[in-house]
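Heads up: the structure comes next, in structure tokens.
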Amino acid sequence: MTQSPAVRVTGPAGAVRVGERAARTLVSEFARRNDAKAGLLVGATPESAVLAAAIEALLPGDRLTVVPAEGASAAALRAHLTAQGRWVEDRVRVVDALAEADAAAVVIVAEPFTGTAEEARAAVDGLAKYLAEGAVLSVAAPLFRTEGAGAELDRQGVLHGVRTDLVLRNSPPVRVHHLRSTPAPAALAASLSPAYRPSSVPLTRSMHIDSNGVAAAGITLGLAALARAARPKSRLWLLPALAAAPVAAFFRDPERDVPEDPSAVVASADGQVLSVQRLHDERFGDGEWLRIAVFLSVLDVHVNRSPVAGKVVDYFVADGGFVNAMKPDAEHNVAAYTVLDTDHGTVVVAQRTGLIARRIVQRAPVGALLARGERFGLIRFGSRTDVYLPADAAEPLVGPGDKVVGGSTVIARWS
């Protein structure tokens, strides 16, 4: 049997478990594709959480090829799949060695890379021949390894990355890298569902919280514990303790029903429409733009979503001030611009800071594909989000004063 390209180190220090959350993250690029596609899973065992997640992600037209992990039995894998039923057995093929596999749209490495940088580079290069045009390679590496495989995958991500997901709820925590060796066409975004992101932590089926909120709530509770330890007779500790819930609530991230209509342009954020206007902006190209500006109060959900399906082709931050986002002068506030290539032309989303908002989070690097309604970032504490559409290709459906819901409200329609 040909050894799987998953890189290891010897001894207990090299043991890295891939739990359910990390497995779902590894499989996310395969799961989000709604067209019939081929997947390749390398380094699997019958007990693998990654194999279970890949099987769960299968659609009727999909095909999945599985390569056993080093020391695993192909016969045992086939028996495991047969026990899953005919539907799975017909769609999943087990090969004895990687050399027997064909190129796939998504290649997933089930075992984390934990060796040297040279081993990781060789493994990535060896898997490149199994990547179809525009395909994604999904691999994991331990978070707290600053050298070796983790550093090499960080470098590869800069060159060809789709995105990197941090999975803290794993033993040990890992970074999941989604890499491309060739660019993907923007049109592919239309066949994608929003990607699963571990930065959106589920509280209930319908309500999540952004990982920034988990960290912020943890900090306030830590301050409360320190205050009580330092002054046990004082009730000062109650101030940060009581602040934990509202701080976490600010980062709430509810699930949204995204319209399936391909002509729909959805709101990029929750809030109130400030203006709908036509203008020119040479930064994004010639021609007239339709800009829909939405103000987010501190009580609104501050997670930003892509208004359309498209490919991120540029991202830049413009310097400026921190004026109240409801005022006209907010036009010159610090802002982050995400430029998308779509079937209908260029679309731009501007995340603007406000009087209180000073921190913009953007999680979609250049080259990434975003589905309509997909989470791609957030702005902390009151802000404004603008959507720029080609004026000759879109008709607005909202006006000043309207309330919109990010990812759900249709703010414009392609003409």
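Starting from 1 in every chain, residues are counted up; chains themselves are A, B, ... following the order of the structure tokens, and ligands are numbered from 1 as listed.
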### Shell of 12 Å around His280 in chain A, only C-alpha atoms, local chain residues under 2 positions omitted, as a list in words
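In the requested form, the answer reads Gln277, Arg278, Glu282, Arg283, Phe284, Gly285, Asp286, Gly287, Glu288, Trp289, Leu290, Arg291, Tyr388, Leu389, Pro390 and Ala391 of chain A.
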Let's have the selection written as a PDB file, in the first residue's frame, with N, CA, C and O atoms.
ATOM      1  N   GLN A 277     -28.358  55.766  -3.746  1.00  0.00           N
ATOM      2  CA  GLN A 277     -27.979  56.803  -4.689  1.00  0.00           C
ATOM      3  C   GLN A 277     -27.086  56.272  -5.808  1.00  0.00           C
ATOM      4  O   GLN A 277     -26.437  55.236  -5.658  1.00  0.00           O
ATOM      5  N   ARG A 278     -27.081  57.014  -6.904  1.00  0.00           N
ATOM      6  CA  ARG A 278     -26.203  56.705  -8.036  1.00  0.00           C
ATOM      7  C   ARG A 278     -25.015  57.654  -7.984  1.00  0.00           C
ATOM      8  O   ARG A 278     -25.180  58.847  -7.733  1.00  0.00           O
ATOM      9  N   GLU A 282     -14.109  56.106  -9.245  1.00  0.00           N
ATOM     10  CA  GLU A 282     -13.084  55.614 -10.153  1.00  0.00           C
ATOM     11  C   GLU A 282     -12.251  54.482  -9.555  1.00  0.00           C
ATOM     12  O   GLU A 282     -11.572  53.753 -10.285  1.00  0.00           O
ATOM     13  N   ARG A 283     -12.297  54.315  -8.242  1.00  0.00           N
ATOM     14  CA  ARG A 283     -11.527  53.226  -7.623  1.00  0.00           C
ATOM     15  C   ARG A 283     -12.015  51.865  -8.090  1.00  0.00           C
ATOM     16  O   ARG A 283     -11.255  50.892  -8.122  1.00  0.00           O
ATOM     17  N   PHE A 284     -13.285  51.783  -8.444  1.00  0.00           N
ATOM     18  CA  PHE A 284     -13.863  50.491  -8.813  1.00  0.00           C
ATOM     19  C   PHE A 284     -14.066  50.357 -10.320  1.00  0.00           C
ATOM     20  O   PHE A 284     -14.569  49.332 -10.779  1.00  0.00           O
ATOM     21  N   GLY A 285     -13.726  51.368 -11.075  1.00  0.00           N
ATOM     22  CA  GLY A 285     -13.873  51.301 -12.520  1.00  0.00           C
ATOM     23  C   GLY A 285     -14.770  52.396 -13.057  1.00  0.00           C
ATOM     24  O   GLY A 285     -15.392  53.157 -12.308  1.00  0.00           O
ATOM     25  N   ASP A 286     -14.808  52.495 -14.368  1.00  0.00           N
ATOM     26  CA  ASP A 286     -15.637  53.502 -15.024  1.00  0.00           C
ATOM     27  C   ASP A 286     -17.115  53.148 -14.907  1.00  0.00           C
ATOM     28  O   ASP A 286     -17.484  52.018 -14.607  1.00  0.00           O
ATOM     29  N   GLY A 287     -17.941  54.110 -15.179  1.00  0.00           N
ATOM     30  CA  GLY A 287     -19.377  53.875 -15.163  1.00  0.00           C
ATOM     31  C   GLY A 287     -20.014  54.314 -13.871  1.00  0.00           C
ATOM     32  O   GLY A 287     -19.353  54.716 -12.903  1.00  0.00           O
ATOM     33  N   GLU A 288     -21.350  54.218 -13.843  1.00  0.00           N
ATOM     34  CA  GLU A 288     -22.125  54.676 -12.692  1.00  0.00           C
ATOM     35  C   GLU A 288     -22.409  53.513 -11.760  1.00  0.00           C
ATOM     36  O   GLU A 288     -22.640  52.379 -12.199  1.00  0.00           O
ATOM     37  N   TRP A 289     -22.424  53.817 -10.458  1.00  0.00           N
ATOM     38  CA  TRP A 289     -22.667  52.803  -9.433  1.00  0.00           C
ATOM     39  C   TRP A 289     -23.947  53.116  -8.678  1.00  0.00           C
ATOM     40  O   TRP A 289     -24.280  54.274  -8.457  1.00  0.00           O
ATOM     41  N   LEU A 290     -24.654  52.068  -8.299  1.00  0.00           N
ATOM     42  CA  LEU A 290     -25.796  52.171  -7.401  1.00  0.00           C
ATOM     43  C   LEU A 290     -25.302  51.785  -6.013  1.00  0.00           C
ATOM     44  O   LEU A 290     -24.874  50.652  -5.794  1.00  0.00           O
ATOM     45  N   ARG A 291     -25.327  52.742  -5.080  1.00  0.00           N
ATOM     46  CA  ARG A 291     -24.840  52.469  -3.731  1.00  0.00           C
ATOM     47  C   ARG A 291     -25.990  52.468  -2.742  1.00  0.00           C
ATOM     48  O   ARG A 291     -26.765  53.418  -2.669  1.00  0.00           O
ATOM     49  N   TYR A 388     -22.082  48.447  -3.371  1.00  0.00           N
ATOM     50  CA  TYR A 388     -21.988  49.114  -4.666  1.00  0.00           C
ATOM     51  C   TYR A 388     -22.318  48.099  -5.761  1.00  0.00           C
ATOM     52  O   TYR A 388     -21.689  47.035  -5.843  1.00  0.00           O
ATOM     53  N   LEU A 389     -23.285  48.446  -6.613  1.00  0.00           N
ATOM     54  CA  LEU A 389     -23.701  47.587  -7.721  1.00  0.00           C
ATOM     55  C   LEU A 389     -23.588  48.364  -9.029  1.00  0.00           C
ATOM     56  O   LEU A 389     -23.760  49.591  -9.038  1.00  0.00           O
ATOM     57  N   PRO A 390     -23.327  47.691 -10.159  1.00  0.00           N
ATOM     58  CA  PRO A 390     -23.345  48.393 -11.442  1.00  0.00           C
ATOM     59  C   PRO A 390     -24.735  48.988 -11.678  1.00  0.00           C
ATOM     60  O   PRO A 390     -25.736  48.268 -11.680  1.00  0.00           O
ATOM     61  N   ALA A 391     -24.812  50.297 -11.848  1.00  0.00           N
ATOM     62  CA  ALA A 391     -26.115  50.976 -11.922  1.00  0.00           C
ATOM     63  C   ALA A 391     -26.940  50.522 -13.113  1.00  0.00           C
ATOM     64  O   ALA A 391     -28.173  50.530 -13.055  1.00  0.00           O
TER      65      ALA A 391
END
- Residues within 7 Å of Val303 in chain A, only C-alpha atoms, excluding chain neighbours under 4 positions, as a list in words: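 Non-adjacent residues within range: Asp253, Ala269, Arg375, Gly377, Leu378 and Ile379 of chain A.
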Which residues are close to Ile411 in chain A, i.e. within 7 Å by only C-alpha atoms, leaving aside same-chain residues fewer than 2 positions away? Reply as an MDAnalysis selection string.
chainID A and resid 265:267 396:398 409
Include all heavy atoms and write out the residues we just selected as a tab-separated table (two decimals), in the first residue's frame.
chain	number	residue	atom	x	y	z
A	265	VAL	N	-30.24	40.38	-4.91
A	265	VAL	CA	-29.09	40.93	-4.18
A	265	VAL	C	-29.56	41.15	-2.75
A	265	VAL	O	-30.55	41.86	-2.53
A	265	VAL	CB	-28.61	42.26	-4.79
A	265	VAL	CG1	-27.45	42.83	-3.98
A	265	VAL	CG2	-28.22	42.07	-6.25
A	266	VAL	N	-28.89	40.53	-1.78
A	266	VAL	CA	-29.38	40.60	-0.40
A	266	VAL	C	-28.58	41.62	0.40
A	266	VAL	O	-27.47	42.03	0.02
A	266	VAL	CB	-29.30	39.21	0.29
A	266	VAL	CG1	-30.15	38.20	-0.44
A	266	VAL	CG2	-27.85	38.73	0.38
A	267	ALA	N	-29.17	42.05	1.51
A	267	ALA	CA	-28.50	43.00	2.39
A	267	ALA	C	-27.23	42.39	2.95
A	267	ALA	O	-27.19	41.20	3.29
A	267	ALA	CB	-29.43	43.40	3.53
A	396	PRO	N	-32.89	48.98	-7.52
A	396	PRO	CA	-33.05	48.94	-6.06
A	396	PRO	C	-34.48	48.61	-5.67
A	396	PRO	O	-35.43	49.00	-6.34
A	396	PRO	CB	-32.68	50.36	-5.64
A	396	PRO	CG	-32.99	51.21	-6.84
A	396	PRO	CD	-32.68	50.35	-8.03
A	397	LEU	N	-34.62	47.90	-4.55
A	397	LEU	CA	-35.94	47.52	-4.04
A	397	LEU	C	-36.19	48.07	-2.64
A	397	LEU	O	-37.21	47.75	-2.03
A	397	LEU	CB	-36.07	45.98	-4.03
A	397	LEU	CG	-35.95	45.27	-5.38
A	397	LEU	CD1	-36.10	43.78	-5.19
A	397	LEU	CD2	-36.99	45.79	-6.36
A	398	VAL	N	-35.26	48.87	-2.13
A	398	VAL	CA	-35.42	49.47	-0.80
A	398	VAL	C	-35.18	50.97	-0.91
A	398	VAL	O	-34.62	51.46	-1.91
A	398	VAL	CB	-34.44	48.85	0.23
A	398	VAL	CG1	-34.79	47.40	0.49
A	398	VAL	CG2	-32.99	48.99	-0.25
A	409	THR	N	-32.98	39.96	3.41
A	409	THR	CA	-33.74	41.00	2.72
A	409	THR	C	-33.18	41.25	1.33
A	409	THR	O	-31.97	41.48	1.17
A	409	THR	CB	-33.72	42.32	3.52
A	409	THR	OG1	-34.25	42.08	4.82
A	409	THR	CG2	-34.55	43.38	2.82
Worksheet item: Which one of A:Val67, A:Val410, A:Ala117, A:Val273 sits closest to Thr385 in chain A if you count only C-alpha atoms?
Response: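 Of A:Val67, A:Val410, A:Ala117, A:Val273, the one nearest Thr385 in chain A, counting only C-alpha atoms, is A:Val273.
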- Got a sec to tell me which of range 185-335 of chain A DSSP assigns to helix (DSSP H, G or I), as a PyMOL selection string? chain A and resi 186-191+211-230+238-250+282-284+328-332
Please identify all polymer residues within 8 Å of range 161-164 of chain A, counting only C-alpha atoms, omitting same-chain residues fewer than 5 positions from it, and present them as a PyMOL selection string.
chain A and resi 136+156+175-180+363-369
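Take CA of Ala75 in chain A and CA of Leu41 in chain A: the distance between them is 16.1 Å.
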Step one, run DSSP on the backbone; step two, keep only residues of range 54-157 of chain A assigned to strand (DSSP E or B); then write them as a list of chain:residue names.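 Taking range 54-157 of chain A and keeping strand (DSSP E or B) only, one gets A:Arg63, A:Leu64, A:Thr65, A:Val66, A:Val67, A:Pro68, A:Val92, A:Arg93, A:Val94, A:Ala104, A:Ala105, A:Val106, A:Val107, A:Ile108, A:Val109, A:Leu131, A:Ala132, A:Glu133, A:Gly134, A:Ala135, A:Val136, A:Leu137, A:Ser138, A:Val139, A:Ala140, A:Ala141, A:Pro142.
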Taking N, CA, C and O atoms for each residue, export the selection above as a CSV table (one decimal), in the first residue's frame.
chain,number,residue,atom,x,y,z
A,63,ARG,N,-19.4,11.9,-6.2
A,63,ARG,CA,-18.5,10.7,-6.1
A,63,ARG,C,-17.4,11.0,-5.2
A,63,ARG,O,-16.8,12.1,-5.3
A,64,LEU,N,-17.1,10.1,-4.3
A,64,LEU,CA,-16.0,10.2,-3.4
A,64,LEU,C,-15.1,9.1,-3.4
A,64,LEU,O,-15.5,7.9,-3.3
A,65,THR,N,-13.8,9.3,-3.6
A,65,THR,CA,-12.7,8.3,-3.6
A,65,THR,C,-12.0,8.4,-2.3
A,65,THR,O,-11.6,9.5,-1.9
A,66,VAL,N,-11.8,7.2,-1.6
A,66,VAL,CA,-11.1,7.2,-0.3
A,66,VAL,C,-9.9,6.4,-0.4
A,66,VAL,O,-9.8,5.3,-0.9
A,67,VAL,N,-8.8,7.0,0.1
A,67,VAL,CA,-7.5,6.3,0.2
A,67,VAL,C,-7.2,6.0,1.7
A,67,VAL,O,-7.3,6.9,2.6
A,68,PRO,N,-7.0,4.7,2.0
A,68,PRO,CA,-6.8,4.4,3.5
A,68,PRO,C,-5.5,5.1,4.1
A,68,PRO,O,-4.6,5.4,3.4
A,92,VAL,N,-19.2,6.0,-3.0
A,92,VAL,CA,-17.9,6.0,-2.4
A,92,VAL,C,-17.1,4.8,-2.8
A,92,VAL,O,-17.5,3.7,-2.7
A,93,ARG,N,-15.9,5.1,-3.4
A,93,ARG,CA,-15.0,4.1,-3.8
A,93,ARG,C,-13.7,4.1,-3.0
A,93,ARG,O,-13.1,5.2,-2.8
A,94,VAL,N,-13.3,2.9,-2.5
A,94,VAL,CA,-12.1,2.8,-1.8
A,94,VAL,C,-11.0,2.2,-2.7
A,94,VAL,O,-11.2,1.2,-3.4
A,104,ALA,N,-9.7,15.4,-8.6
A,104,ALA,CA,-11.0,15.7,-7.9
A,104,ALA,C,-11.2,17.2,-7.8
A,104,ALA,O,-10.2,18.0,-7.8
A,105,ALA,N,-12.4,17.7,-7.5
A,105,ALA,CA,-12.7,19.1,-7.3
A,105,ALA,C,-12.3,19.5,-5.9
A,105,ALA,O,-12.0,20.7,-5.7
A,106,VAL,N,-12.3,18.6,-5.0
A,106,VAL,CA,-11.9,18.9,-3.6
A,106,VAL,C,-11.1,17.7,-3.1
A,106,VAL,O,-11.5,16.5,-3.2
A,107,VAL,N,-9.9,18.0,-2.6
A,107,VAL,CA,-9.1,16.9,-2.0
A,107,VAL,C,-8.9,17.2,-0.5
A,107,VAL,O,-8.6,18.3,-0.1
A,108,ILE,N,-9.2,16.2,0.3
A,108,ILE,CA,-9.2,16.4,1.8
A,108,ILE,C,-8.2,15.4,2.4
A,108,ILE,O,-8.2,14.2,2.1
A,109,VAL,N,-7.3,16.0,3.2
A,109,VAL,CA,-6.4,15.1,3.9
A,109,VAL,C,-6.9,14.9,5.3
A,109,VAL,O,-7.0,15.9,6.1
A,131,LEU,N,-5.5,17.5,-8.1
A,131,LEU,CA,-6.4,18.7,-8.1
A,131,LEU,C,-6.8,19.1,-9.5
A,131,LEU,O,-6.0,19.4,-10.3
A,132,ALA,N,-8.1,19.0,-9.7
A,132,ALA,CA,-8.7,19.5,-11.0
A,132,ALA,C,-8.5,21.0,-11.1
A,132,ALA,O,-8.1,21.7,-10.1
A,133,GLU,N,-8.8,21.6,-12.2
A,133,GLU,CA,-8.6,23.0,-12.4
A,133,GLU,C,-9.5,23.8,-11.4
A,133,GLU,O,-10.7,23.5,-11.3
A,134,GLY,N,-8.9,24.7,-10.6
A,134,GLY,CA,-9.7,25.4,-9.6
A,134,GLY,C,-10.0,24.7,-8.4
A,134,GLY,O,-10.8,25.2,-7.6
A,135,ALA,N,-9.5,23.5,-8.2
A,135,ALA,CA,-9.9,22.6,-7.1
A,135,ALA,C,-9.2,23.1,-5.8
A,135,ALA,O,-8.3,23.9,-5.8
A,136,VAL,N,-9.8,22.6,-4.7
A,136,VAL,CA,-9.4,23.0,-3.3
A,136,VAL,C,-8.7,21.8,-2.6
A,136,VAL,O,-9.2,20.7,-2.7
A,137,LEU,N,-7.6,22.1,-2.0
A,137,LEU,CA,-6.9,21.1,-1.1
A,137,LEU,C,-7.2,21.5,0.4
A,137,LEU,O,-6.8,22.7,0.7
A,138,SER,N,-7.8,20.7,1.2
A,138,SER,CA,-8.1,21.0,2.6
A,138,SER,C,-7.2,20.2,3.5
A,138,SER,O,-7.3,19.0,3.5
A,139,VAL,N,-6.3,20.9,4.3
A,139,VAL,CA,-5.4,20.2,5.2
A,139,VAL,C,-5.4,20.9,6.5
A,139,VAL,O,-5.7,22.1,6.6
A,140,ALA,N,-5.0,20.2,7.6
A,140,ALA,CA,-4.9,20.8,8.9
A,140,ALA,C,-3.5,20.6,9.5
A,140,ALA,O,-2.8,19.8,9.1
A,141,ALA,N,-3.2,21.5,10.4
A,141,ALA,CA,-1.9,21.5,11.2
A,141,ALA,C,-2.2,22.0,12.6
A,141,ALA,O,-3.1,22.8,12.8
A,142,PRO,N,-1.4,21.5,13.5
A,142,PRO,CA,-1.6,22.0,14.9
A,142,PRO,C,-1.4,23.5,15.0
A,142,PRO,O,-0.5,24.1,14.4
- Closest to Asp90 in chain A among A:Ala393, A:Leu143, A:Ala225, A:Leu58, using only C-alpha atoms?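 Closest to Asp90 in chain A of all the choices is A:Leu58.
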Nearest to Pro240 in chain A, restricted to only C-alpha atoms and choosing among A:Leu226, A:Val95, A:Ile209, A:Leu221, comes out as A:Leu221
Could you make a table, as a Markdown table, of the residues of range 226-272 of chain A that have an atom within 12 Å of an atom of range 334-345 of chain A, each with its nearest atom pair and distance in Å to one decimal, counting only C-alpha atoms, in chain and number order?
| residue | atom | partner | partner_atom | distance |
| --- | --- | --- | --- | --- |
| A:Pro262 | CA | A:Asp343 | CA | 10.5 |
| A:Ser263 | CA | A:His344 | CA | 9.7 |
| A:Ala264 | CA | A:His344 | CA | 11.6 |
| A:Val265 | CA | A:His344 | CA | 11.1 |
| A:Ser268 | CA | A:Thr338 | CA | 11.7 |
Just to confirm, what's the straight-line distance from CA of Val158 in chain A to CA of Ala184 in chain A in Å (one decimal)?
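The value is 15.9 Å.
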Proximity check range 217-291 of chain A to range 197-200 of chain A, 10 Å, nearest pairs one decimal Å, only C-alpha atoms, as a Markdown table:
| residue | atom | partner | partner_atom | distance |
| --- | --- | --- | --- | --- |
| A:Phe251 | CA | A:Ser200 | CA | 9.7 |
| A:Arg252 | CA | A:Ser200 | CA | 9.0 |
| A:Asp253 | CA | A:Ser200 | CA | 6.9 |
| A:Pro254 | CA | A:Ser200 | CA | 9.1 |
| A:Glu255 | CA | A:Ser200 | CA | 9.7 |
Write the selection just made, keeping N, CA and C atoms, as a PDB file, in the first residue's frame?
ATOM      1  N   PHE A 251     -22.234  40.199  19.663  1.00  0.00           N
ATOM      2  CA  PHE A 251     -21.615  39.370  18.627  1.00  0.00           C
ATOM      3  C   PHE A 251     -22.534  38.231  18.180  1.00  0.00           C
ATOM      4  N   ARG A 252     -23.828  38.314  18.473  1.00  0.00           N
ATOM      5  CA  ARG A 252     -24.734  37.242  18.062  1.00  0.00           C
ATOM      6  C   ARG A 252     -24.726  37.115  16.534  1.00  0.00           C
ATOM      7  N   ASP A 253     -24.922  35.903  16.078  1.00  0.00           N
ATOM      8  CA  ASP A 253     -24.788  35.593  14.653  1.00  0.00           C
ATOM      9  C   ASP A 253     -25.879  34.605  14.252  1.00  0.00           C
ATOM     10  N   PRO A 254     -27.125  35.073  14.104  1.00  0.00           N
ATOM     11  CA  PRO A 254     -28.230  34.149  13.828  1.00  0.00           C
ATOM     12  C   PRO A 254     -28.138  33.519  12.450  1.00  0.00           C
ATOM     13  N   GLU A 255     -28.671  32.321  12.329  1.00  0.00           N
ATOM     14  CA  GLU A 255     -28.796  31.678  11.026  1.00  0.00           C
ATOM     15  C   GLU A 255     -29.835  32.432  10.197  1.00  0.00           C
TER      16      GLU A 255
END
Practice problem: Figure out the distance between CA of Ile219 in chain A and CA of Pro232 in chain A, please, to one decimal in Å. | Solution: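 Taking CA of Pro232 in chain A and CA of Ile219 in chain A, their separation equals 19.1 Å.
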Judged by only C-alpha atoms, the minimum distance to Ser211 in chain A among A:Phe322, A:Trp237, A:Tyr315, A:Phe250 is found for A:Phe250
| Smallest atom-to-atom distance to Pro173 in chain A: which of A:Ala120, A:Val16, A:Ile360, A:Asp35, using only C-alpha atoms? |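 For Pro173 in chain A, the nearest of the candidates is A:Val16.
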**Nearest to Phe316 in chain A by atom-to-atom distance, counting only C-alpha atoms, from A:Val349, A:Val294, A:Ala227, A:Leu238** =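 That would be A:Val349, the residue with the smallest distance to Phe316 in chain A.
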